[in-house]
Every structure is written in structure tokens, then in C-alpha cells.
Amino acid sequence: MAEELTPETPEEEEPIKQRKNGLYPGVSDELAENMKSGWADTELHGLEPIPQAERTAARRAELSRRFPGDRLVIPAGNLKTRSNDTEYNFRPATEYAYLTGDHTNDGVLVLEPTADGHQATIYLLPRSNRENGEFWLDGMGELWTGRRNSLTEAEQLLGLPAKDVRELTAQLAEATGPVRVVRGHDAAVEAALTDKVTAERDEELRIHLSEARLVKDAFEIGELEKACASTARGFEDVVRVLDKAEATSERYIEGTFFLRARVEGNDIGYGSICAAGPHATTLHWVRNDGAVRSGELLLLDAGVETQTLYTADVTRTLPINGRFTDLQRKIYDAVYDAQEAGIAAVTPGAPYRAFHDAAQRVLAERLVAWGLLGDLDVEKVLELGLQRRWTLHGTGHMLGMDVHDCAAARTENYVNTTLEPGMCLTVEPGLYFQADDLTVPEEYRGIGVRIEDDILVTEDGNRNLSDGLPRRSDEVEAWMASLKG
Ligand code: GLY
Ligand code: MN
Ligand code: MN
């Protein structure tokens, strides 16, 4: 039983080493032998391609045309350790998912230059070997982490050849010719390419893959619609449990929305902001550990990410007891009017910045009218940007697979360009009066309001994808009352 264990192949080396090191002290050779056999063949045959397979092929073809002659390497990324042998939930790099439709860790898409374009191959972790015991002795084996697709199954599902990713770094290290890699996701892949790539050329690849996503196709718009519909249901869930949240904390709200996101989608698309009372004035309040009190406002900024990784990004600011106070309503209605002006400015051919300018103007007008800016007129306030003490952030951003989508797009192709049909962006003005802001009357302090919707640019204007949730103050109250029965 204690005879010398000698690896016969390189794959056998690691599991056997672990046994020798005593990581699996109870494994007798008899058990190791026993575990090798007696398993059914579960290979799946005749699988249909995933719905987006045609589109991912078209995206790869476009990428190929943009970088002729270059080897292109796009990793999914690896698991990240949370602690010891526990990992965070995995979410693939957006560029990889966009080009393959695959969502598994450690995958790498490689476009190999050919005489007339590129040959795309996806490198994946194959099914675990049962002969060498890795399926049960290795913590990453399928017995621990779940069945993976075989490479043949992956080929059918994704519509491109699949190979074993464990052979990739050696191949890349030997590769000749120009290479570009999407950085920041897979250190081992990058290490294999260090002497073959430059930061500047890799950045061109990243920029291209960001700009390629600026205009959404019909499939993507459908996914964003799904994300918004699911998000609306999540907001309804929250309204139904506000009394329970009041008895506990913002955590109850976070958990309630999360349940909807995990049941209907892949996940939340970003950390939910569940900000009650003065927490609403903190733009990215994700601690969500505060009290929920009747008479205060709840700013809920949350979005469901679909199974295909498209996310909504929606904010509603709700009176916790179902009725706005006069002052809350005054501030809310100002933000609503600003959002209306912003949404109206989302139209094809309009400068991207127009919706921001329109919303800021309305907010500046109200702040002046309320006497918060002394004797200054609106034009002067806008020129000096003084409204920004309370408006704080830009009025929106592109939305898609990333909540702040297309973030690597160049200024001339994003904020300095004009809107086109198929672009999807948030319009999300807000007013935030910090609890310690001595420049506003005391009753304003600690009030924060944001309203955020996901707006698709259409041929003749726009469509609000998140209009399943009411926005006007009286409609919000009526909707809350109907849900609370
Ligand atoms: N939820 C982050 C944002 O609205 O941009
Ligand atoms: Mn947003
Ligand atoms: Mn948001």
C-alpha cells in the first residue's frame, strides 16, 4: 500500500505529488485504482449552437478584418481567491464573452492569422481525467466543481474549434509574429507573451473591442429588455418587503433584489446601492448596513444581469412609507423634470453630451429658484459649474454587458460623438444634499434623489427600456400602494 508512486505522464505528476505530500492521506492505492473505472459515458451528442453563435462569429470576423496578420489573444480570466481555497464567483471578461458566448473560467480565444484572415480557436479546460485521479483528487476537478463541457461539446455549442487550454501557454511562448492580448485577465497567458507584445498595441485591441460594442444589435437589445423587465420585478419585490426592511436594515433590500437577480438572471450587474435616508447622498453606497426608516427616502440603484451577461442599471428613489413629504416631492420632481429633459435629448444625430447638458440646466434652474445659489443667474451658475456641488456626477453612460459599457472607447467615438440608433445609455440625474452641508437649509440636509433609466436610441428618437417602473412622483406613490395592497 505504501509503495513508491511514480508518475508516468506529466498530468499524473500533480495529483500524485499531492498524495505524497499527504494532502489526501486517506487514499490507498486500492481506492485510487477503484476510482478510475465504473463511470458512465456522459458525452452529449448533436448539441444545438447557443443562440448568439452566429453573432459571435460575425464579431470575430470583424475583429479579424481590423487586425490582419496579428495573432489575437482574448482570455476569459481565472478564478480569484477569496480566502485560502475559496474563490469568488466567476464572471468572464466581457471581451471574451462577447466574442465567444462562453462563460467558463480559464478559457482563451485565439485568432491565428492565416493567408486570408484568421483561424479562431477556443482553448478550454477539458473534462477531468479519471485515469490519473484529477477529477476527484484535484480541487479543480469536476467532482468538486461540476461537470464541464467536453471539447467536442464546446465546439458544437460555440461553433468554433476547441482545444485543451493547458497546452496554450507553451504554444504561445513559441509563437512567432505579431501578437496582441487583452490584458488584465490571465497572468499566465500574459507572462507567456511578455516579449512579444507592447502596451500600445494591446491597448488598440482593447479600444477596438470597446468601440465595437457601442451600437447594439437586435439580440443585444432583446437581452437589455429582459434585464430591465427582470429588474422591474426586483424593484417590485423590494417595495413588497419595505416593512420587513424597516425592521432590519438596508441588507434586507439588498438580499431581496439579489434573490430576483440570481433566480432570473446570472447575477446582479454591479453592487446594489440600497441607500436609505442620508446614505442616498453617497453615490456608491454599497455597504447597505444602515437603518430603513419611515418618513425617509430609499435610493435603490440596482440591475439584473441576464444569463448572457447584459445588465440593466436602474434607480428609483422611493418614500419608505409610501408618501413623499412636500420637500422630498419638491426635490424629487426637480430631478424628474431634469430626467425628462435629458431623455428628450436622446435622439439620433444629437451630440452625446446634449442629454447631460439638458438635465444639468433644469437642475441649475431649480437650485437658483430655491435660493441656494445667491444672486447668480442660471447662465452664470452653468458657466461656473456651481450646481455640481449638488448634482455631483455625469448624467449617464453607455450600458450593455458592462454597467459602464464601452469604457475604453476613445473620447472622439463616445462622449464627443453623436448618438446613433442602437446605442443604449442611462439617463440618471440626481440631487444630493449632504447631511453636513451647511450651505443649504437644514431640512434639505441628508436628502438624496436619483432617477435612472435605460434609454435605447431608435431611428426616430428613443425608447425607455426600463419604463416598466413608474417615475413620476404621484405614479410612484400609486404603484407602491398597489403593491403593498
Ligand atoms: N450604478 C452605477 C451607475 O449608476 O452608474
Ligand atoms: Mn448608471
Ligand atoms: Mn445606477
# chains A, B, ... in the order shown; residues from 1 in each chain; ligands from 1
$ residues_near_ligand --ligand "ligand 2" --cutoff "9 Å" --atoms "only C-alpha atoms and all ligand atoms" --output "list in words"
Asp301, Ala312, Asp313, Val314, Thr315, Thr395, Gly396, His397, Met398, Leu399, Val403, His404, Leu425, Thr426, Val427, Glu428, Glu452, Asp453 and Asp454 of chain A
$ select_by_dssp --residues "region 177-209 of chain A" --states "helix (DSSP H, G or I)" --output "NGL selection string"
:A and (187-193 or 199-209)
$ residues_around --residues "Thr458 (chain A)" --least-positions-apart "2" --cutoff "12 Å" --atoms "only C-alpha atoms" --output "ChimeraX atom specification"
/A:215-218,221,346-350,419-425,455-456,460-465
$ atom_distance --atom1 "CA of Thr308 (chain A)" --atom2 "CA of Ser466 (chain A)"
18.3 Å
$ select_by_dssp --residues "region 162-199 of chain A" --states "strand (DSSP E)" --output "VMD selection string"
chain A and resid 162 to 164 179 to 181
$ write_last_selection --atoms "C-alpha atoms" --output "JSON list (two decimals), in the first residue's frame"
[["chain", "number", "residue", "atom", "x", "y", "z"],
["A", 162, "ALA", "CA", -11.87, 23.86, -29.12],
["A", 163, "LYS", "CA", -8.53, 22.71, -27.73],
["A", 164, "ASP", "CA", -7.04, 21.99, -24.32],
["A", 179, "VAL", "CA", 0.65, 39.27, -31.15],
["A", 180, "ARG", "CA", -1.89, 41.32, -29.24],
["A", 181, "VAL", "CA", -3.53, 40.30, -25.98]]
$ closest_residue --among "A:Gly342, A:Gln360, A:Ala334, A:Ser272" --to "ligand 1" --atoms "only C-alpha atoms and all ligand atoms"
A:Ser272
$ residues_around --residues "region 148-151 of chain A" --least-positions-apart "4" --cutoff "9 Å" --atoms "only C-alpha atoms" --output "list of chain:residue names"
A:Glu43, A:Leu44, A:Thr104, A:Tyr123, A:Leu124, A:Leu125, A:Pro126, A:Arg127, A:Ser128, A:Glu142, A:Glu155, A:Gln156, A:Pro161, A:Ala162, A:Lys163, A:Asp164
$ write_last_selection --atoms "N, CA and C atoms" --output "short mmCIF file (atom, residue, chain, number, x, y, z; two decimals), in the first residue's frame"
data_model
loop_
_atom_site.label_atom_id
_atom_site.label_comp_id
_atom_site.auth_asym_id
_atom_site.auth_seq_id
_atom_site.Cartn_x
_atom_site.Cartn_y
_atom_site.Cartn_z
N GLU A 43 -21.03 11.77 -22.47
CA GLU A 43 -20.83 12.69 -23.60
C GLU A 43 -22.18 13.01 -24.26
N LEU A 44 -22.40 14.30 -24.53
CA LEU A 44 -23.64 14.73 -25.17
C LEU A 44 -23.38 14.88 -26.67
N THR A 104 -16.93 30.20 -19.18
CA THR A 104 -16.18 29.40 -18.21
C THR A 104 -14.80 30.00 -17.91
N TYR A 123 -9.64 27.86 -26.49
CA TYR A 123 -8.87 26.96 -25.61
C TYR A 123 -9.61 26.90 -24.28
N LEU A 124 -9.92 25.67 -23.86
CA LEU A 124 -10.75 25.49 -22.66
C LEU A 124 -10.18 24.40 -21.76
N LEU A 125 -10.59 24.45 -20.51
CA LEU A 125 -10.30 23.30 -19.64
C LEU A 125 -11.15 22.14 -20.13
N PRO A 126 -10.53 21.02 -20.43
CA PRO A 126 -11.33 19.88 -20.88
C PRO A 126 -11.99 19.18 -19.70
N ARG A 127 -12.70 18.12 -19.95
CA ARG A 127 -13.25 17.32 -18.87
C ARG A 127 -12.10 16.74 -18.05
N SER A 128 -12.34 16.49 -16.78
CA SER A 128 -11.28 15.96 -15.90
C SER A 128 -10.95 14.52 -16.25
N GLU A 142 -13.68 17.92 -11.68
CA GLU A 142 -15.13 18.03 -11.90
C GLU A 142 -15.95 17.51 -10.72
N GLU A 155 -17.35 22.69 -28.92
CA GLU A 155 -17.29 23.03 -30.36
C GLU A 155 -18.70 23.14 -30.94
N GLN A 156 -19.57 22.21 -30.56
CA GLN A 156 -20.93 22.25 -31.09
C GLN A 156 -21.70 23.46 -30.54
N PRO A 161 -13.61 25.62 -33.26
CA PRO A 161 -12.79 24.52 -32.75
C PRO A 161 -12.32 24.79 -31.32
N ALA A 162 -12.29 23.72 -30.52
CA ALA A 162 -11.87 23.86 -29.12
C ALA A 162 -10.68 22.96 -28.85
N LYS A 163 -9.72 23.49 -28.11
CA LYS A 163 -8.53 22.71 -27.73
C LYS A 163 -8.29 22.85 -26.22
N ASP A 164 -7.37 22.02 -25.75
CA ASP A 164 -7.04 21.99 -24.32
C ASP A 164 -6.21 23.23 -23.94
#
$ atom_distance --atom1 "CA of Phe235 (chain A)" --atom2 "CA of Val362 (chain A)"
27.1 Å
$ atom_distance --atom1 "CA of Leu483 (chain A)" --atom2 "CA of Pro319 (chain A)"
13.7 Å
$ closest_residue --among "A:Asp243, A:Asp186, A:Glu225, A:Asp402" --to "ligand 3" --atoms "only C-alpha atoms and all ligand atoms"
A:Asp402
$ closest_residue --among "A:Leu367, A:Leu160, A:Met480, A:Ala58" --to "Lys330 (chain A)" --atoms "only C-alpha atoms"
A:Leu367
$ residues_around --residues "region 380-386 of chain A" --least-positions-apart "3" --cutoff "8 Å" --atoms "only C-alpha atoms" --output "ChimeraX atom specification"
/A:360-361,364,373,376-377,389
$ residues_around --residues "Arg66 (chain A)" --least-positions-apart "5" --cutoff "10 Å" --atoms "only C-alpha atoms" --output "list in words"
Arg60, Ala61, Gly117, Leu205 and His208 of chain A
$ closest_residue --among "A:Tyr444, A:Thr317, A:His356, A:Ala344" --to "ligand 3" --atoms "only C-alpha atoms and all ligand atoms"
A:Thr317
$ closest_residue --among "A:Leu209, A:Val108, A:Cys274, A:Ile343" --to "ligand 3" --atoms "only C-alpha atoms and all ligand atoms"
A:Cys274
$ decode --residues "region 388-438 of chain A" --atoms "N, CA and C atoms" --output "compact mmCIF listing (two decimals), in the first residue's frame"
# COMPACT_ATOMS: atom_id res chain seq x y z
N ARG A 388 -22.88 71.77 -9.53
CA ARG A 388 -22.29 70.43 -9.34
C ARG A 388 -22.03 70.08 -7.88
N ARG A 389 -22.04 71.11 -7.00
CA ARG A 389 -21.95 70.78 -5.57
C ARG A 389 -23.04 69.78 -5.17
N TRP A 390 -24.20 69.89 -5.88
CA TRP A 390 -25.33 69.02 -5.52
C TRP A 390 -25.72 68.02 -6.62
N THR A 391 -25.20 68.19 -7.83
CA THR A 391 -25.54 67.21 -8.89
C THR A 391 -24.45 66.14 -9.04
N LEU A 392 -23.26 66.50 -8.64
CA LEU A 392 -22.15 65.57 -8.40
C LEU A 392 -21.59 64.78 -9.58
N HIS A 393 -22.43 64.13 -10.38
CA HIS A 393 -21.88 63.18 -11.36
C HIS A 393 -22.44 63.46 -12.76
N GLY A 394 -21.82 62.84 -13.74
CA GLY A 394 -22.33 62.91 -15.11
C GLY A 394 -23.73 62.31 -15.16
N THR A 395 -24.49 62.67 -16.20
CA THR A 395 -25.90 62.28 -16.22
C THR A 395 -26.11 60.89 -16.83
N GLY A 396 -25.08 60.23 -17.29
CA GLY A 396 -25.30 58.89 -17.80
C GLY A 396 -24.07 58.31 -18.46
N HIS A 397 -24.25 57.12 -19.01
CA HIS A 397 -23.14 56.37 -19.61
C HIS A 397 -23.72 55.27 -20.49
N MET A 398 -22.89 54.73 -21.36
CA MET A 398 -23.32 53.60 -22.18
C MET A 398 -23.58 52.39 -21.29
N LEU A 399 -24.49 51.56 -21.74
CA LEU A 399 -24.90 50.38 -20.98
C LEU A 399 -24.91 49.16 -21.89
N GLY A 400 -24.52 48.02 -21.36
CA GLY A 400 -24.53 46.80 -22.17
C GLY A 400 -24.09 45.62 -21.33
N MET A 401 -23.02 44.94 -21.76
CA MET A 401 -22.51 43.82 -20.97
C MET A 401 -21.83 44.34 -19.70
N ASP A 402 -21.23 45.50 -19.79
CA ASP A 402 -20.71 46.16 -18.59
C ASP A 402 -21.67 47.27 -18.21
N VAL A 403 -21.79 47.49 -16.90
CA VAL A 403 -22.70 48.57 -16.50
C VAL A 403 -22.19 49.91 -17.03
N HIS A 404 -20.91 50.15 -16.92
CA HIS A 404 -20.32 51.32 -17.58
C HIS A 404 -19.67 50.77 -18.85
N ASP A 405 -20.49 50.60 -19.86
CA ASP A 405 -20.09 49.84 -21.05
C ASP A 405 -19.15 50.67 -21.92
N CYS A 406 -18.38 49.97 -22.73
CA CYS A 406 -17.53 50.62 -23.74
C CYS A 406 -16.57 51.63 -23.11
N ALA A 407 -16.12 51.32 -21.90
CA ALA A 407 -15.34 52.30 -21.14
C ALA A 407 -14.00 52.63 -21.79
N ALA A 408 -13.51 51.74 -22.66
CA ALA A 408 -12.22 52.02 -23.31
C ALA A 408 -12.39 52.75 -24.64
N ALA A 409 -13.63 53.05 -25.00
CA ALA A 409 -13.84 53.76 -26.28
C ALA A 409 -13.19 55.14 -26.19
N ARG A 410 -12.66 55.58 -27.35
CA ARG A 410 -11.99 56.88 -27.35
C ARG A 410 -13.00 58.01 -27.26
N THR A 411 -12.57 59.12 -26.68
CA THR A 411 -13.45 60.27 -26.49
C THR A 411 -14.13 60.66 -27.81
N GLU A 412 -13.37 60.63 -28.90
CA GLU A 412 -13.96 61.08 -30.17
C GLU A 412 -15.04 60.13 -30.67
N ASN A 413 -15.05 58.90 -30.15
CA ASN A 413 -16.09 57.95 -30.57
C ASN A 413 -17.14 57.70 -29.49
N TYR A 414 -17.05 58.45 -28.40
CA TYR A 414 -18.01 58.24 -27.30
C TYR A 414 -18.57 59.61 -26.92
N VAL A 415 -17.99 60.25 -25.91
CA VAL A 415 -18.63 61.47 -25.41
C VAL A 415 -18.56 62.64 -26.39
N ASN A 416 -17.64 62.58 -27.35
CA ASN A 416 -17.56 63.68 -28.33
C ASN A 416 -18.21 63.31 -29.66
N THR A 417 -19.02 62.27 -29.66
CA THR A 417 -19.65 61.89 -30.92
C THR A 417 -21.15 62.16 -30.85
N THR A 418 -21.85 61.76 -31.91
CA THR A 418 -23.31 61.90 -31.92
C THR A 418 -23.95 60.54 -31.71
N LEU A 419 -25.17 60.58 -31.21
CA LEU A 419 -25.87 59.33 -30.90
C LEU A 419 -26.33 58.64 -32.18
N GLU A 420 -26.33 57.30 -32.13
CA GLU A 420 -26.77 56.50 -33.28
C GLU A 420 -27.82 55.50 -32.82
N PRO A 421 -28.74 55.15 -33.72
CA PRO A 421 -29.69 54.09 -33.36
C PRO A 421 -28.96 52.83 -32.91
N GLY A 422 -29.45 52.22 -31.84
CA GLY A 422 -28.80 51.01 -31.31
C GLY A 422 -27.90 51.28 -30.13
N MET A 423 -27.57 52.55 -29.90
CA MET A 423 -26.83 52.86 -28.67
C MET A 423 -27.80 52.80 -27.49
N CYS A 424 -27.31 52.36 -26.36
CA CYS A 424 -28.16 52.30 -25.17
C CYS A 424 -27.41 52.99 -24.04
N LEU A 425 -28.07 53.95 -23.41
CA LEU A 425 -27.39 54.70 -22.35
C LEU A 425 -28.33 54.97 -21.19
N THR A 426 -27.74 55.23 -20.05
CA THR A 426 -28.55 55.60 -18.89
C THR A 426 -28.74 57.11 -18.89
N VAL A 427 -29.88 57.53 -18.39
CA VAL A 427 -30.10 58.95 -18.10
C VAL A 427 -30.45 59.00 -16.62
N GLU A 428 -29.58 59.60 -15.81
CA GLU A 428 -29.68 59.43 -14.37
C GLU A 428 -29.27 60.68 -13.58
N PRO A 429 -30.02 61.76 -13.76
CA PRO A 429 -29.69 62.94 -12.96
C PRO A 429 -29.99 62.71 -11.48
N GLY A 430 -29.36 63.52 -10.64
CA GLY A 430 -29.64 63.42 -9.22
C GLY A 430 -29.36 64.74 -8.52
N LEU A 431 -29.92 64.86 -7.32
CA LEU A 431 -29.60 65.97 -6.42
C LEU A 431 -29.27 65.37 -5.06
N TYR A 432 -28.18 65.83 -4.49
CA TYR A 432 -27.69 65.23 -3.26
C TYR A 432 -27.30 66.33 -2.28
N PHE A 433 -28.00 66.38 -1.18
CA PHE A 433 -27.68 67.37 -0.14
C PHE A 433 -27.08 66.61 1.04
N GLN A 434 -25.77 66.78 1.19
CA GLN A 434 -25.06 66.02 2.23
C GLN A 434 -25.57 66.43 3.61
N ALA A 435 -25.51 65.48 4.53
CA ALA A 435 -26.01 65.72 5.89
C ALA A 435 -25.25 66.84 6.59
N ASP A 436 -24.01 67.08 6.15
CA ASP A 436 -23.19 68.11 6.81
C ASP A 436 -22.98 69.34 5.92
N ASP A 437 -23.89 69.56 4.99
CA ASP A 437 -23.75 70.69 4.07
C ASP A 437 -24.41 71.93 4.69
N LEU A 438 -23.57 72.82 5.16
CA LEU A 438 -24.09 74.00 5.87
C LEU A 438 -24.60 75.07 4.92
